[in-house]
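Visitor: Below is the structure I would like to discuss, written out as structure tokens.
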Amino acid sequence: MSAPSGQETLPTNKAPKINVAAARRRQRAGEVWREFCSNRSGLIGLVVLAIVIGLALLAPILAPAETLDVTRITAGQNEPPSWANPLGTDPSGRSVLAMLIWGARVSLLVGFSATAVSMVIGTVVGMAAGHFTGWTQAALMRLIDFFLVVPGLVLAIVLSSIIGPGVTTIIVAIGITSWAGTARIVRSQTLTVESRAYIERSWALGASNAHIIRKHVLPAVMPLVLANTTLTVGSAVIAESTLSFLGLGDPSSISWGSMLKMALDTGAATGGFWWYVLSPGLAIVGVVLCFTLVGRALESVINPTLRGR
Amino acid sequence: MAFHETTEKLTPHSGAKGKPRRRLAAAVLAVSLAMAPLAVAPAANAATETPGTGTILKLALTGDIDSLNPFKAILASSTSILGLEYQSLVAYGPKNNEEIPGMADKWETSPDGKVWTFHMPKDRKWSDGEPITAKDAEWTFKAIQTNDALKQANGGLLESVASVQATDDETLILTLNEPQAPNPGTQLPIMPAHIWSKVPDPATFTNEKDSVGSGPFVISNYDKTSGVTLKANPNYWQGKAKIAGITYVPYKNTDAAVQALKTGEIDIVSSLTPAQYNALKNVDGITTNAGAGRRYQAIGINPGTQTHDGTPMGDGNPALHDLKVRQAIVMAIDNKTLLEKVMQGLGQPATGEVPAAYPLYHWDTKDLPLKYNVTAANALLDEAGYAKGSDGIRVDKQGAPLKLRLMGRNTDPTHQQMADYIKPWLKEIGIDVSTVMKSSAQVNDDSTVGNFDLYFTGWGMGPDPDFQLSINTCASRPNADGTGATSENNFCDPAYDAIYKAQHVELDQTKRSALVSQAQEMIHKSAVNDVMYYANSLEAYRSDKFAPFTTQPELGGVITSQNGPWSFYYATPMADVSSTNATSGGFNAAFVVVPLVIVLLAGGGFVLYRRRRTTSDERE
């Protein structure tokens with residue numbers, strides 16, 4: 001990161017060898033955490049996200065899979081909210097609350113996995129495009145440009161119909177359509193970092209490409225990637241809902257998007273079954289909002305010029 | 001929606017006090033996104049009305065129009081529109097789908113059932129005033145027989161016709177290759193020869209503007225955005241209709257069409273979901289109709305698909321070649337519960353292929369051989385040697401767990417709903433099921449070439465069961481590439497073929513009905529096509545604008561998709577419709593304003609949010 005090299009100011013005591021870099025990272029992480037905590041909306045987002053993730057992990061305990069087995073359900077179809085079913089029931093008589101909790105699993109799983117795919121591709125290509133020059137750079141930049149201008153949704157739909165519907169398909173489709181923006185950001189950061197004096201010194205000392213990228217560029221772009229990741233998860237969740245809504249998801253696993261699709265297909269809006277339409281809709285909005293709040297808070301921690309705005 | 005975060009190089013805005021605005025932006029975005037699913041914007045503007053006086057009946061068009069050329073049109077929405085414009089020699093009546101005079105007023109069969117003579121009365125006219133003669137019918141038959149390009153829609157109807165001849169303007173003689181019971185004069189629309197013989201290529205003629213027909217309505221215009229406009233034919237032999245015309249207004253989905261019905265923009269909506277149907281039941285000025293459906297809903301079970309010469313094709317699970325496995329699957333599925341839960345009871349329990357709406361050929365039995373019975377199904381599989389593994393899943397003869405794929409259409413919500421039931425039911429008899437929902441075209445392709453284990457299927461049929469039975473004969477199996485004949489579910493049994501043949505030539509109604517029932521029982525026992533229920537056709541109309549429609553059959557029948565033009569031909573507007581139309585019905589501002597506000601809120605929120613998004617290039 002940014003701190004000046006501390007080699008000369010090492011503690012002079014003879015205590016057992018301390019990993020200085022690790023210690024400094026720990027210290028810096030502490031600072032980041034404190035700064036993050038001072039951002040109230042970011043903290044709220046983080047707490048809500050933790051609760052949602054907790055609920056998703058505990059789904060099998062909170063709502064055992066049998067409660068979603070339509071052949072064993074006694075509740076009526078499309079029942080309004082009641083004490084037994086706080087968010088009402090769906091057209092098969094399943095509890096909407098239980099479906100929401102199970103749906104969080106798929107929505108978050110796809111959100112995180114797709115973002116991981118997108119971040120890995122985006123970071124690697126972005127660093128390469130920033131680090132190398134000449135033909136390599138030109139080719140990589142055109143590749144990035146291509147993915148920037150291709151409409152993500154259309155490409156994802158095409159991919160889904162080629163690979164066949166399913167959760168993996170959606171992860172891949174979102175992952176490879178959403179990395180271009182990250183690559184651009186990472187590239188610009190790479191350019192900035194590589195123009196600094198200490199990189200020049202490294203070159204002078206005979207550092208290889210791999211060394212520069214791994215030891216200097218990657219640590220420098222990581223915080224940015226992290227903040228960007230948090231924001232991308234949000235749009236990946238929306239993308240998952242969109243694709244499931246269009247019928248490209250795995251129909252037998254419940255996600256928030258597939259709940260909305262079922263609501264539309266069975267005429268829940270006409271029937272006035274607001275609980276079945278609003279619940280997944282609000283869940284998507286809430287989770288995406290939380291990811292955005294956390295992402296923005298992280299960003300302002302990493303980039304102090306953003307603070308106070 | 002874009003997946004990209006294309007935020008690079010956005011310079012941060014300076015100075016503004018950001019926090020309240022950011023919260024506002026987030027809140028606006030959140031609220032508008034939450035409301036978005038509720039906003040159902042009407043998909044189309046009301047179609048332009050035909051000039052002239054009188055009431056126009058407006059229908060929602062939610063299906064696709066493939067073509068309005070009667071030689072080419074296959075999709076139900078197209079053929080039902082063409083059914084208003086073109087008649088066949090013999091029509092199906094509104095009372096009970098009985099055969100009644102259409103273009104021919106009487107007909108007779110030779111004693112051996114091979115020569116059919118139709119009499120066409122004189123003085124009848126096409127909508128442009130030209131006389132209708134037997135020559136028109138002769139031209140239509142011959143055009144299809146001699147030109148392969150015209151066989152697409154109705155070629156199959158003429159396969160049994162050896163020759164056709166108009167001996168004079170009033171007499172048409174059809175000679176068949178072999179005797180047959182079904183009247184060859186039904187179904188084939190007769191076209192005006194004086195128009196179509198002058199068209200350079202009848203196969204590519206669009207027939208979309210000011211077309212000429214003999215039915216109660218003729219198409220005056222069609223385009224994709226404003227829909228199909230028909231006007232009443234003053235020359236229709238039973239007299240001009242009471243309404244001035246019909247407009248089919250396109251809608252993207254039935255929810256949008258239902259909203260339009262509520263505001264009075266359209267008068268009839270069909271293909272409702274049970275939820276929509278129940279929601280419209282108690283609305284003032286709207287009457288709902290659950291007509292006995294002409295379709296069966298079934299699960300096809302792949303018995304080992306073969307081409308017409310017996311070569312195996314497709315990737316169906318070999319365990320399903322075993323009759324006992326198929327029968328156990330049929331017995332493990334509780335059709336009654338599916339009808340009650342998925343269709344909310346809006347349908348009739350099924351026996352064979354022919355729906356209860358056609359009592360003449362419906363297989364009426366209270367005691368199905370393969371009725372729901374899990375214990376018997378398990379016993380059957382135990383006896384056949386499929387032992388249960390430790391996880392409760394049976395193993396097949398090769399020692400692999402019994403796993404089947406269930407395929408459905410992603411356009412039909414009931415398929416996924418039914419799959420949610422069938423999966424646990426089959427688990428109870430030790431069969432593991434995975435579901436996959438595909439596009440309609442993909443399902444058609446996969447099912448034709450046998451790339452499935454189980455799949456949801458269904459056929460709608462006309463009053464005569466001959467075609468439906470014919471697609472279960474060995475000869476109906478396809479070529480290796482899926483082309484050629486169409487088979488219902490690749491059933492092939494020489495004993496069945498004999499029964500099919502027998503009913504095809506049986507001229508005695510009672511005997512023929514018995515044979516048709518027997519044929520359905522054979523298909524049922526072979527467990528290739530588990531017919532689950534006959535769904536009702538769910539429709540709703542503005543009863544404040546129109547008197548109750550004529551249904552077919554008369555009791556408990558359907559309004560739209562009839563075998564004939566009767567419901568629309570007999571449609572009677574309420575006397576005072578035109579005077580109140582302007583105030584009560586028509587345009588409802590809310591349907592434009594609400595989505596607009598939501599879009600503006602979302603857009604505004606997004607802009608505010610994007611302005612906050614910055615990057616941090618200059619960071620050290």
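Ligands are numbered from 1 in the order shown, residues from 1 within each chain, and chains are lettered A, B, ... in the order they appear in the structure tokens.
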Once you count only C-alpha atoms, which residues of chain A turn out to be within 6 Å of chain B? Could you give them as a compact mmCIF listing (two decimals) with N, CA and C atoms, in the first residue's frame?
Guide:
# COMPACT_ATOMS: atom_id res chain seq x y z
N VAL A 70 -44.27 -29.91 -1.46
CA VAL A 70 -45.67 -29.57 -1.73
C VAL A 70 -46.63 -30.73 -1.43
N THR A 71 -46.10 -31.96 -1.43
CA THR A 71 -47.01 -33.08 -1.21
C THR A 71 -47.35 -33.24 0.28
N GLY A 152 -24.77 -6.85 -21.49
CA GLY A 152 -24.56 -7.98 -20.59
C GLY A 152 -25.72 -8.94 -20.55
N SER A 178 -19.50 -9.56 -16.67
CA SER A 178 -19.46 -8.38 -15.80
C SER A 178 -18.05 -8.01 -15.34
N GLY A 181 -15.71 -3.92 -16.53
CA GLY A 181 -15.59 -2.68 -15.76
C GLY A 181 -14.48 -2.77 -14.73
N ILE A 185 -10.89 -0.54 -14.20
CA ILE A 185 -10.48 0.12 -12.97
C ILE A 185 -9.11 -0.38 -12.53
N GLN A 189 -5.47 1.66 -12.13
CA GLN A 189 -4.73 1.64 -10.88
C GLN A 189 -3.33 1.07 -11.10
N ASP A 265 -46.17 -15.46 -13.49
CA ASP A 265 -46.78 -16.49 -14.33
C ASP A 265 -48.14 -16.93 -13.81
N THR A 266 -48.28 -16.98 -12.49
CA THR A 266 -49.55 -17.48 -11.96
C THR A 266 -50.55 -16.35 -11.75
N GLY A 267 -50.18 -15.14 -12.12
CA GLY A 267 -51.14 -14.03 -12.03
C GLY A 267 -51.31 -13.50 -10.63
N THR A 270 -52.57 -9.81 -10.50
CA THR A 270 -54.00 -9.67 -10.74
C THR A 270 -54.80 -10.18 -9.55
N GLY A 271 -54.34 -11.29 -8.98
CA GLY A 271 -55.06 -11.88 -7.86
C GLY A 271 -54.94 -11.07 -6.59
N GLY A 281 -39.27 -9.18 -4.01
CA GLY A 281 -38.85 -7.89 -4.56
C GLY A 281 -38.12 -7.07 -3.52
N LEU A 282 -38.71 -6.98 -2.33
CA LEU A 282 -38.07 -6.19 -1.27
C LEU A 282 -36.78 -6.86 -0.79
N VAL A 285 -34.11 -5.86 -3.21
CA VAL A 285 -33.76 -4.45 -3.00
C VAL A 285 -32.92 -4.31 -1.73
N ARG A 309 -18.56 13.13 1.57
CA ARG A 309 -19.46 13.49 0.48
C ARG A 309 -20.71 12.65 0.54
Visitor: Can you check which residues of segment 199-379 of chain B DSSP gives as helix (DSSP H, G or I) on the backbone and send them as a ChimeraX atom specification?
Guide: /B:254-263,274-280,318-321,323-332,335-341,374-379
Visitor: Write out as an MDAnalysis selection string each polymer residue whose atoms come within 8 Å of Val288 of chain A, counting only C-alpha atoms; drop sequence neighbours fewer than 6 positions from it.
Guide: chainID A and resid 233:235 237:238
Visitor: Okay, now the selection with C-alpha atoms, as a PDB file, in the first residue's frame?
Guide:
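Writing the result to selection-v1.pdb gives the following:
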ATOM      1  CA  VAL A 233     -22.138  -8.662  -5.667  1.00  0.00           C
ATOM      2  CA  GLY A 234     -25.139  -6.370  -5.570  1.00  0.00           C
ATOM      3  CA  SER A 235     -25.482  -6.198  -9.322  1.00  0.00           C
ATOM      4  CA  VAL A 237     -27.763 -10.577  -7.253  1.00  0.00           C
ATOM      5  CA  ILE A 238     -29.947  -8.419  -9.486  1.00  0.00           C
TER       6      ILE A 238
END
Visitor: Within 6 Å of segment 298-301 of chain B, counting only C-alpha atoms, which residues show up once you throw out same-chain ones fewer than 2 positions away? Write them as a PyMOL selection string, please.
Guide: chain B and resi 454-458+528-532
Visitor: Got a sec to tell me which of segment 88-181 of chain B DSSP assigns to strand (DSSP E), as number ranges by chain?
Guide: B: 90-92, 99-101, 106-109, 115-119, 161-168, 171-176
Visitor: Those selected residues, please, written with N, CA and C atoms and delivered as a PDB file, in the first residue's frame.
Guide:
ATOM      1  N   VAL B  90     -68.510 -28.987 -44.035  1.00  0.00           N
ATOM      2  CA  VAL B  90     -69.354 -29.402 -42.921  1.00  0.00           C
ATOM      3  C   VAL B  90     -68.835 -28.711 -41.664  1.00  0.00           C
ATOM      4  N   ALA B  91     -69.743 -28.149 -40.865  1.00  0.00           N
ATOM      5  CA  ALA B  91     -69.320 -27.412 -39.667  1.00  0.00           C
ATOM      6  C   ALA B  91     -69.656 -28.210 -38.415  1.00  0.00           C
ATOM      7  N   TYR B  92     -69.068 -27.792 -37.306  1.00  0.00           N
ATOM      8  CA  TYR B  92     -69.423 -28.382 -36.012  1.00  0.00           C
ATOM      9  C   TYR B  92     -70.327 -27.406 -35.276  1.00  0.00           C
ATOM     10  N   GLU B  99     -72.254 -32.496 -36.248  1.00  0.00           N
ATOM     11  CA  GLU B  99     -71.974 -32.071 -37.620  1.00  0.00           C
ATOM     12  C   GLU B  99     -73.203 -31.374 -38.188  1.00  0.00           C
ATOM     13  N   ILE B 100     -73.018 -30.150 -38.657  1.00  0.00           N
ATOM     14  CA  ILE B 100     -74.127 -29.392 -39.229  1.00  0.00           C
ATOM     15  C   ILE B 100     -73.690 -28.829 -40.578  1.00  0.00           C
ATOM     16  N   PRO B 101     -74.637 -28.369 -41.392  1.00  0.00           N
ATOM     17  CA  PRO B 101     -74.270 -27.820 -42.698  1.00  0.00           C
ATOM     18  C   PRO B 101     -73.326 -26.627 -42.565  1.00  0.00           C
ATOM     19  N   LYS B 106     -76.174 -30.310 -47.675  1.00  0.00           N
ATOM     20  CA  LYS B 106     -76.407 -31.723 -47.400  1.00  0.00           C
ATOM     21  C   LYS B 106     -75.333 -32.576 -48.049  1.00  0.00           C
ATOM     22  N   TRP B 107     -75.168 -33.777 -47.543  1.00  0.00           N
ATOM     23  CA  TRP B 107     -74.144 -34.669 -48.072  1.00  0.00           C
ATOM     24  C   TRP B 107     -74.575 -36.108 -47.871  1.00  0.00           C
ATOM     25  N   GLU B 108     -74.040 -36.997 -48.692  1.00  0.00           N
ATOM     26  CA  GLU B 108     -74.364 -38.413 -48.528  1.00  0.00           C
ATOM     27  C   GLU B 108     -73.133 -39.264 -48.809  1.00  0.00           C
ATOM     28  N   THR B 109     -73.158 -40.463 -48.204  1.00  0.00           N
ATOM     29  CA  THR B 109     -72.041 -41.380 -48.342  1.00  0.00           C
ATOM     30  C   THR B 109     -72.507 -42.585 -49.121  1.00  0.00           C
ATOM     31  N   VAL B 115     -67.258 -43.054 -51.345  1.00  0.00           N
ATOM     32  CA  VAL B 115     -67.590 -41.879 -52.165  1.00  0.00           C
ATOM     33  C   VAL B 115     -68.530 -40.961 -51.381  1.00  0.00           C
ATOM     34  N   TRP B 116     -68.081 -39.714 -51.202  1.00  0.00           N
ATOM     35  CA  TRP B 116     -68.883 -38.740 -50.468  1.00  0.00           C
ATOM     36  C   TRP B 116     -69.335 -37.657 -51.438  1.00  0.00           C
ATOM     37  N   THR B 117     -70.657 -37.387 -51.457  1.00  0.00           N
ATOM     38  CA  THR B 117     -71.188 -36.371 -52.358  1.00  0.00           C
ATOM     39  C   THR B 117     -71.721 -35.197 -51.540  1.00  0.00           C
ATOM     40  N   PHE B 118     -71.206 -34.009 -51.816  1.00  0.00           N
ATOM     41  CA  PHE B 118     -71.634 -32.809 -51.081  1.00  0.00           C
ATOM     42  C   PHE B 118     -72.450 -31.930 -52.006  1.00  0.00           C
ATOM     43  N   HIS B 119     -73.556 -31.406 -51.498  1.00  0.00           N
ATOM     44  CA  HIS B 119     -74.378 -30.494 -52.284  1.00  0.00           C
ATOM     45  C   HIS B 119     -74.180 -29.075 -51.780  1.00  0.00           C
ATOM     46  N   VAL B 161     -57.808 -38.803 -49.583  1.00  0.00           N
ATOM     47  CA  VAL B 161     -58.632 -38.412 -50.733  1.00  0.00           C
ATOM     48  C   VAL B 161     -57.963 -38.859 -52.027  1.00  0.00           C
ATOM     49  N   ALA B 162     -58.649 -39.712 -52.812  1.00  0.00           N
ATOM     50  CA  ALA B 162     -58.087 -40.191 -54.073  1.00  0.00           C
ATOM     51  C   ALA B 162     -58.343 -39.174 -55.173  1.00  0.00           C
ATOM     52  N   SER B 163     -59.581 -38.695 -55.261  1.00  0.00           N
ATOM     53  CA  SER B 163     -59.875 -37.716 -56.301  1.00  0.00           C
ATOM     54  C   SER B 163     -61.018 -36.821 -55.857  1.00  0.00           C
ATOM     55  N   VAL B 164     -61.081 -35.648 -56.473  1.00  0.00           N
ATOM     56  CA  VAL B 164     -62.139 -34.700 -56.141  1.00  0.00           C
ATOM     57  C   VAL B 164     -62.643 -34.112 -57.441  1.00  0.00           C
ATOM     58  N   GLN B 165     -63.972 -33.963 -57.532  1.00  0.00           N
ATOM     59  CA  GLN B 165     -64.517 -33.477 -58.789  1.00  0.00           C
ATOM     60  C   GLN B 165     -65.803 -32.692 -58.548  1.00  0.00           C
ATOM     61  N   ALA B 166     -65.890 -31.523 -59.187  1.00  0.00           N
ATOM     62  CA  ALA B 166     -67.128 -30.752 -59.143  1.00  0.00           C
ATOM     63  C   ALA B 166     -67.884 -31.059 -60.417  1.00  0.00           C
ATOM     64  N   THR B 167     -68.930 -31.864 -60.297  1.00  0.00           N
ATOM     65  CA  THR B 167     -69.649 -32.261 -61.509  1.00  0.00           C
ATOM     66  C   THR B 167     -70.474 -31.101 -62.062  1.00  0.00           C
ATOM     67  N   ASP B 168     -70.998 -30.248 -61.201  1.00  0.00           N
ATOM     68  CA  ASP B 168     -71.579 -28.987 -61.638  1.00  0.00           C
ATOM     69  C   ASP B 168     -71.348 -27.972 -60.524  1.00  0.00           C
ATOM     70  N   THR B 171     -72.475 -29.529 -57.042  1.00  0.00           N
ATOM     71  CA  THR B 171     -72.178 -30.890 -56.578  1.00  0.00           C
ATOM     72  C   THR B 171     -70.673 -31.151 -56.550  1.00  0.00           C
ATOM     73  N   LEU B 172     -70.222 -31.634 -55.411  1.00  0.00           N
ATOM     74  CA  LEU B 172     -68.812 -31.981 -55.261  1.00  0.00           C
ATOM     75  C   LEU B 172     -68.718 -33.448 -54.866  1.00  0.00           C
ATOM     76  N   ILE B 173     -67.905 -34.201 -55.587  1.00  0.00           N
ATOM     77  CA  ILE B 173     -67.787 -35.631 -55.278  1.00  0.00           C
ATOM     78  C   ILE B 173     -66.361 -35.927 -54.826  1.00  0.00           C
ATOM     79  N   LEU B 174     -66.242 -36.470 -53.621  1.00  0.00           N
ATOM     80  CA  LEU B 174     -64.945 -36.854 -53.088  1.00  0.00           C
ATOM     81  C   LEU B 174     -64.846 -38.369 -53.123  1.00  0.00           C
ATOM     82  N   THR B 175     -63.813 -38.882 -53.745  1.00  0.00           N
ATOM     83  CA  THR B 175     -63.594 -40.326 -53.738  1.00  0.00           C
ATOM     84  C   THR B 175     -62.385 -40.623 -52.867  1.00  0.00           C
ATOM     85  N   LEU B 176     -62.548 -41.532 -51.931  1.00  0.00           N
ATOM     86  CA  LEU B 176     -61.477 -41.823 -50.974  1.00  0.00           C
ATOM     87  C   LEU B 176     -60.760 -43.118 -51.348  1.00  0.00           C
TER      88      LEU B 176
END
Visitor: For segment 171-174 of chain A, please output as a PyMOL selection string all residues within 6 Å (counting only C-alpha atoms; exclusion window: fewer than 4 positions along the same chain).
Guide: chain A and resi 110+114+156
Visitor: Store the residues picked out above in a file with C-alpha atoms, as a compact mmCIF listing (two decimals), in the first residue's frame.
Guide:
# COMPACT_ATOMS: atom_id res chain seq x y z
CA VAL A 110 -24.83 -16.93 -7.27
CA ALA A 114 -20.39 -14.86 -10.07
CA ALA A 156 -25.97 -13.84 -20.54
Visitor: Excluding Ser214 of chain B and its own-chain neighbours fewer than 4 positions away, which residues fall within 8 Å of it when counting only C-alpha atoms? Please give them as a list in words.
Guide: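 Residues near the query, excluding close chain neighbours: Glu85, Tyr86, Gln87, Lys125, Trp126, Ser127, Val218, Asn233, Asn235 and Tyr236 of chain B.
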Visitor: Store the residues picked out above in a file with C-alpha atoms, as a tab-separated table (two decimals), in the first residue's frame.
Guide:
chain	number	residue	atom	x	y	z
B	85	GLU	CA	-63.39	-16.13	-42.14
B	86	TYR	CA	-63.37	-19.49	-43.92
B	87	GLN	CA	-65.92	-22.27	-43.65
B	125	LYS	CA	-71.84	-15.41	-52.09
B	126	TRP	CA	-68.30	-14.67	-51.01
B	127	SER	CA	-67.80	-11.46	-49.06
B	218	VAL	CA	-63.42	-11.32	-42.83
B	233	ASN	CA	-69.40	-10.23	-43.73
B	235	ASN	CA	-72.97	-11.98	-47.43
B	236	TYR	CA	-72.71	-14.69	-44.75
Visitor: Find, counting only C-alpha atoms, the residue in A:Ser279, A:Asn85, A:Thr168, A:Thr123 that gets nearest to Ile213 of chain A.
Guide: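 Ranked by minimum distance to Ile213 of chain A, first place goes to A:Thr123.
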Visitor: To one decimal place in Å, what is the distance between atom CA of Asn489 of chain B and atom CA of Ile74 of chain B?
Guide: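 Distance between the two atoms: 20.2 Å.
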Visitor: Pick from A:Ala227, A:Ile162, A:Ala128, A:Leu293: nearest to Val47 of chain A, with only C-alpha atoms counted?
Guide: A:Leu293
